[in-house]
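Next up, query_9.cif (mmCIF, C-alpha atoms):
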data_work
loop_
_atom_site.group_PDB
_atom_site.id
_atom_site.type_symbol
_atom_site.label_atom_id
_atom_site.label_comp_id
_atom_site.auth_asym_id
_atom_site.auth_seq_id
_atom_site.Cartn_x
_atom_site.Cartn_y
_atom_site.Cartn_z
ATOM 1 C CA MET P 24 0.000 0.000 0.000
ATOM 2 C CA GLU P 25 2.063 2.819 -1.283
ATOM 3 C CA ALA P 26 -0.453 5.618 -1.576
ATOM 4 C CA GLY P 27 -3.036 4.396 0.960
ATOM 5 C CA TYR P 28 -6.739 4.545 0.549
ATOM 6 C CA LEU P 29 -9.427 7.159 0.889
ATOM 7 C CA LEU P 30 -12.555 5.548 2.235
ATOM 8 C CA LYS P 31 -16.046 6.973 2.016
ATOM 9 C CA PHE P 32 -19.025 5.213 3.523
ATOM 10 C CA VAL P 33 -22.238 5.892 1.655
ATOM 11 C CA ILE P 34 -25.724 4.617 2.214
ATOM 12 C CA ASP P 35 -27.168 3.310 -1.007
ATOM 13 C CA ASP P 36 -30.947 3.322 -1.004
ATOM 14 C CA ASN P 37 -31.070 0.364 -3.360
ATOM 15 C CA TYR P 38 -28.778 -2.035 -1.516
ATOM 16 C CA SER P 39 -29.013 -3.903 1.771
ATOM 17 C CA ARG P 40 -26.145 -5.506 3.651
ATOM 18 C CA PHE P 41 -27.504 -8.945 2.836
ATOM 19 C CA GLY P 42 -26.849 -8.441 -0.865
ATOM 20 C CA LYS P 43 -30.501 -7.968 -1.729
ATOM 21 C CA TYR P 44 -31.788 -4.895 -3.390
ATOM 22 C CA ILE P 45 -34.509 -2.937 -1.690
ATOM 23 C CA LYS P 46 -36.569 -0.273 -3.299
ATOM 24 C CA THR P 47 -36.599 2.234 -0.437
ATOM 25 C CA ARG P 48 -34.979 2.546 2.916
ATOM 26 C CA PRO P 49 -37.464 2.654 5.811
ATOM 27 C CA SER P 50 -38.056 6.246 6.780
ATOM 28 C CA ILE P 51 -37.726 7.305 10.397
ATOM 29 C CA ASP P 52 -40.877 9.345 9.815
ATOM 30 C CA ASN P 53 -42.834 6.232 8.897
ATOM 31 C CA PRO P 54 -45.918 6.060 11.200
ATOM 32 C CA GLN P 55 -45.147 2.460 12.188
ATOM 33 C CA HIS P 56 -41.569 3.395 13.067
ATOM 34 C CA ILE P 57 -42.788 6.393 15.098
ATOM 35 C CA LYS P 58 -45.256 4.180 16.964
ATOM 36 C CA LYS P 59 -42.517 1.642 17.814
ATOM 37 C CA ARG P 60 -40.129 4.417 18.850
ATOM 38 C CA ASP P 61 -42.772 6.048 21.077
ATOM 39 C CA LYS P 62 -43.570 2.692 22.679
ATOM 40 C CA ALA P 63 -39.878 2.077 23.363
ATOM 41 C CA GLU P 64 -39.463 5.564 24.867
ATOM 42 C CA ALA P 65 -42.556 5.117 27.044
ATOM 43 C CA LYS P 66 -41.265 1.743 28.221
ATOM 44 C CA LYS P 67 -37.867 3.281 29.038
ATOM 45 C CA LYS P 68 -39.506 6.143 30.977
ATOM 46 C CA GLN P 69 -41.689 3.683 32.891
ATOM 47 C CA LYS P 70 -38.619 1.606 33.755
ATOM 48 C CA GLU P 71 -36.850 4.725 35.096
ATOM 49 C CA LYS P 72 -39.978 5.693 37.058
ATOM 50 C CA ASP P 73 -40.215 2.175 38.527
ATOM 51 C CA LYS P 74 -36.551 2.323 39.537
ATOM 52 C CA GLU P 75 -37.072 5.725 41.203
ATOM 53 C CA GLU P 76 -40.164 4.409 42.979
ATOM 54 C CA TYR P 77 -38.278 1.314 44.092
ATOM 55 C CA LEU P 78 -35.339 3.300 45.482
ATOM 56 C CA ASP P 79 -37.415 6.134 47.010
ATOM 57 C CA THR P 80 -36.774 6.226 50.766
ATOM 58 C CA ILE P 81 -37.930 8.567 53.508
ATOM 59 C CA TYR P 82 -37.476 9.126 57.211
ATOM 60 C CA THR P 83 -40.580 8.462 59.281
ATOM 61 C CA TRP P 84 -41.017 9.288 62.942
ATOM 62 C CA SER P 85 -43.399 8.464 65.763
ATOM 63 C CA LEU P 86 -43.840 9.996 69.203
ATOM 64 C CA ARG P 87 -45.131 7.742 71.946
ATOM 65 C CA ARG P 88 -46.121 8.369 75.544
ATOM 66 C CA PHE P 89 -45.087 5.973 78.323
ATOM 67 C CA LEU P 90 -48.029 4.127 79.923
ATOM 68 C CA ARG P 91 -46.574 1.407 82.141
ATOM 69 C CA PRO P 92 -43.589 -0.944 82.396
ATOM 70 C CA PHE P 93 -43.561 -4.132 80.393
ATOM 71 C CA HIS P 94 -43.521 -7.103 82.807
ATOM 72 C CA ASP P 95 -44.338 -9.899 80.388
ATOM 73 C CA SER P 96 -41.852 -12.433 79.076
ATOM 74 C CA TRP P 97 -38.824 -11.236 77.149
ATOM 75 C CA PHE P 98 -38.801 -11.218 73.394
ATOM 76 C CA TYR P 99 -36.301 -10.373 70.695
ATOM 77 C CA TYR P 100 -36.372 -7.036 68.936
ATOM 78 C CA ASN P 101 -33.938 -5.086 66.773
ATOM 79 C CA MET P 102 -31.737 -2.713 68.717
ATOM 80 C CA PRO P 103 -31.614 0.909 67.584
ATOM 81 C CA SER P 104 -28.564 2.011 65.663
ATOM 82 C CA LYS P 105 -26.315 5.066 65.881
ATOM 83 C CA LYS P 106 -27.017 5.854 62.239
ATOM 84 C CA THR P 107 -29.923 5.338 59.890
ATOM 85 C CA GLY P 108 -29.589 6.271 56.246
ATOM 86 C CA ASN P 109 -27.519 9.466 56.371
ATOM 87 C CA LEU P 110 -28.761 10.526 59.814
ATOM 88 C CA LEU P 111 -26.486 10.267 62.824
ATOM 89 C CA SER P 112 -28.204 9.950 66.188
ATOM 90 C CA ALA P 113 -25.882 12.541 67.798
ATOM 91 C CA ASP P 114 -26.871 15.157 65.186
ATOM 92 C CA VAL P 115 -30.568 14.435 65.608
ATOM 93 C CA MET P 116 -30.303 14.520 69.404
ATOM 94 C CA HIS P 117 -28.569 17.909 69.254
ATOM 95 C CA GLU P 118 -31.308 19.338 67.004
ATOM 96 C CA ILE P 119 -34.264 18.055 69.032
ATOM 97 C CA ASN P 120 -32.698 19.375 72.247
ATOM 98 C CA THR P 121 -31.891 22.862 70.895
ATOM 99 C CA ASP P 122 -34.702 23.634 68.416
ATOM 100 C CA TYR P 123 -38.457 23.174 68.456
ATOM 101 C CA CYS P 124 -38.731 20.802 65.499
ATOM 102 C CA TYR P 125 -42.466 20.032 65.484
ATOM 103 C CA ASP P 126 -45.138 21.578 63.275
ATOM 104 C CA PHE P 127 -47.777 20.877 65.928
ATOM 105 C CA GLU P 128 -48.191 21.640 69.625
ATOM 106 C CA TYR P 129 -46.288 19.131 71.695
ATOM 107 C CA GLU P 130 -44.704 19.306 75.128
ATOM 108 C CA PRO P 131 -42.538 16.260 75.910
ATOM 109 C CA GLU P 132 -43.161 14.427 79.165
ATOM 110 C CA GLU P 133 -40.824 12.183 81.132
ATOM 111 C CA LYS P 134 -40.290 8.792 79.384
ATOM 112 C CA ASP P 135 -41.812 9.858 76.057
ATOM 113 C CA ILE P 136 -40.002 8.210 73.170
ATOM 114 C CA LEU P 137 -39.208 9.402 69.673
ATOM 115 C CA VAL P 138 -38.522 6.735 67.050
ATOM 116 C CA ILE P 139 -37.038 7.722 63.679
ATOM 117 C CA ARG P 140 -37.016 5.081 60.951
ATOM 118 C CA TYR P 141 -35.404 4.933 57.548
ATOM 119 C CA ASP P 142 -38.080 3.415 55.353
ATOM 120 C CA TYR P 143 -39.368 3.042 51.811
ATOM 121 C CA ARG P 144 -41.945 5.563 50.638
ATOM 122 C CA ASN P 145 -43.930 2.693 49.099
ATOM 123 C CA SER P 146 -44.133 -0.555 51.025
ATOM 124 C CA GLN P 147 -44.962 -2.399 47.804
ATOM 125 C CA VAL P 148 -43.871 -1.857 44.223
ATOM 126 C CA LYS P 149 -45.968 -3.495 41.519
ATOM 127 C CA GLY P 150 -47.624 -5.685 44.154
ATOM 128 C CA TRP P 151 -44.342 -6.987 45.577
ATOM 129 C CA PRO P 152 -43.424 -6.297 49.210
ATOM 130 C CA ARG P 153 -40.186 -4.499 49.945
ATOM 131 C CA PRO P 154 -37.355 -5.879 52.093
ATOM 132 C CA TYR P 155 -37.487 -4.763 55.717
ATOM 133 C CA ILE P 156 -35.092 -1.999 56.777
ATOM 134 C CA SER P 157 -34.317 -2.581 60.423
ATOM 135 C CA GLU P 158 -32.457 0.690 61.011
ATOM 136 C CA TYR P 159 -33.991 3.153 63.442
ATOM 137 C CA LEU P 160 -33.008 5.755 66.014
ATOM 138 C CA LEU P 161 -34.569 5.794 69.482
ATOM 139 C CA PHE P 162 -34.647 8.728 71.891
ATOM 140 C CA VAL P 163 -36.269 8.938 75.324
ATOM 141 C CA PHE P 164 -37.139 12.142 77.170
ATOM 142 C CA LYS P 165 -35.376 12.070 80.559
ATOM 143 C CA GLY P 166 -34.542 14.945 82.890
ATOM 144 C CA GLN P 167 -35.931 17.661 80.588
ATOM 145 C CA LYS P 168 -33.899 16.557 77.543
ATOM 146 C CA TRP P 169 -33.850 13.893 74.846
ATOM 147 C CA GLU P 170 -31.272 11.107 75.209
ATOM 148 C CA GLU P 171 -30.336 8.129 73.073
ATOM 149 C CA ASP P 172 -31.871 4.937 74.348
ATOM 150 C CA ASN P 173 -31.947 1.293 73.376
ATOM 151 C CA PHE P 174 -34.709 -0.133 75.519
ATOM 152 C CA MET P 175 -38.229 0.172 74.166
ATOM 153 C CA MET P 176 -39.853 -2.681 76.068
ATOM 154 C CA ASN P 177 -42.593 -0.752 77.846
ATOM 155 C CA HIS P 178 -46.205 -0.074 77.008
ATOM 156 C CA TYR P 179 -46.629 3.153 75.054
ATOM 157 C CA GLU P 180 -49.497 5.138 73.607
ATOM 158 C CA ASP P 181 -49.029 6.435 70.057
ATOM 159 C CA LEU P 182 -49.277 10.234 70.033
ATOM 160 C CA TYR P 183 -48.149 11.436 66.613
ATOM 161 C CA ASP P 184 -46.353 10.131 63.566
ATOM 162 C CA GLY P 185 -45.283 11.470 60.213
ATOM 163 C CA ILE P 186 -42.452 12.151 57.799
ATOM 164 C CA LEU P 187 -39.191 13.818 58.821
ATOM 165 C CA TYR P 188 -38.053 16.478 56.345
ATOM 166 C CA ILE P 189 -34.363 17.334 56.436
ATOM 167 C CA THR P 190 -32.809 20.459 54.903
ATOM 168 C CA PRO P 191 -29.163 21.481 55.211
ATOM 169 C CA LYS P 192 -28.450 24.630 57.214
#
Would it be possible to restate this file's structure as structure tokens?
Amino acid sequence: MEAGYLLKFVIDDNYSRFGKYIKTRPSIDNPQHIKKRDKAEAKKKQKEKDKEEYLDTIYTWSLRRFLRPFHDSWFYYNMPSKKTGNLLSADVMHEINTDYCYDFEYEPEEKDILVIRYDYRNSQVKGWPRPYISEYLLFVFKGQKWEEDNFMMNHYEDLYDGILYITPK
């Protein structure tokens, strides 16, 4: 190859790669092609939406009031963690002890508990149950302040529950 080659790739409307001649190349504006393309795009969007829905997590909380000690037999339960999702219990404890974080009237009483869970927004996706996330933070109101706790085996009355919204300062 002394001089080399100059290559040019051209689409020939009358030739297919299988060696057969075709009269016209399918147009991308062909209504059938548009319908297939739109279906494929809709399917792709639905798949992305399903993935978002599947991965969508939130923080939920519940406030409970102490009623009486639990004197029945012992049972196993998951211990609270120091971190759930991106929340650290020390950060949460600092915030609930320094700021009024509730959008309703609430005055904590001795032995009230606050449970914060990392959970899925939808418990089922397309009829299938989600795996259980066992992470949660537990705080008890003692001596006029919230403290981390790990013992929830008492009888409590549910007061309030909801979603915890977090915004950076």
Residues matched by the PyMOL selection byres ((chain P and resi 148) around 12), written as number ranges by chain: P: 72-79, 143-147, 149-154
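Running the PyMOL selection byres ((chain P and resi 161) around 8) on this file leaves Pro103, Ile136, Leu137, Val138, Ile139, Tyr159, Leu160, Phe162, Val163, Glu171, Asp172 and Asn173 of chain P selected.
Across the model, the gap from CA of Pro92 in chain P to CA of Tyr179 in chain P is 8.9 Å.
Minimum atom-to-atom distance to Ile186 in chain P, evaluated using all atoms listed in the file, belongs to P:Tyr141 out of P:Tyr123, P:Tyr129, P:Tyr141, P:Phe89.
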List the residues selected by the PyMOL selection byres ((chain P and resi 85) around 8) in the file shown, writing them as an MDAnalysis selection string. chainID P and resid 83:84 86:87 137:139 181:185
Could those selected residues go to a file with C-alpha atoms, as a PDB file, in the frame of the given file?
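So again23.pdb came out as:
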ATOM      1  CA  THR P  83     -40.580   8.462  59.281  1.00  0.00           C
ATOM      2  CA  TRP P  84     -41.017   9.288  62.942  1.00  0.00           C
ATOM      3  CA  LEU P  86     -43.840   9.996  69.203  1.00  0.00           C
ATOM      4  CA  ARG P  87     -45.131   7.742  71.946  1.00  0.00           C
ATOM      5  CA  LEU P 137     -39.208   9.402  69.673  1.00  0.00           C
ATOM      6  CA  VAL P 138     -38.522   6.735  67.050  1.00  0.00           C
ATOM      7  CA  ILE P 139     -37.038   7.722  63.679  1.00  0.00           C
ATOM      8  CA  ASP P 181     -49.029   6.435  70.057  1.00  0.00           C
ATOM      9  CA  LEU P 182     -49.277  10.234  70.033  1.00  0.00           C
ATOM     10  CA  TYR P 183     -48.149  11.436  66.613  1.00  0.00           C
ATOM     11  CA  ASP P 184     -46.353  10.131  63.566  1.00  0.00           C
ATOM     12  CA  GLY P 185     -45.283  11.470  60.213  1.00  0.00           C
TER      13      GLY P 185
END
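Shortest separation to Tyr82 in chain P among P:Gln55, P:Arg140, P:Glu132, P:Gly166 occurs at residue P:Arg140, atoms counted being only C-alpha atoms.
If you look at CA of Trp169 in chain P and CA of Thr121 in chain P, they are 10.0 Å away from each other.
Atom pair CA of Glu118 in chain P / CA of Thr190 in chain P has a distance of 12.2 Å (rounded to one decimal).
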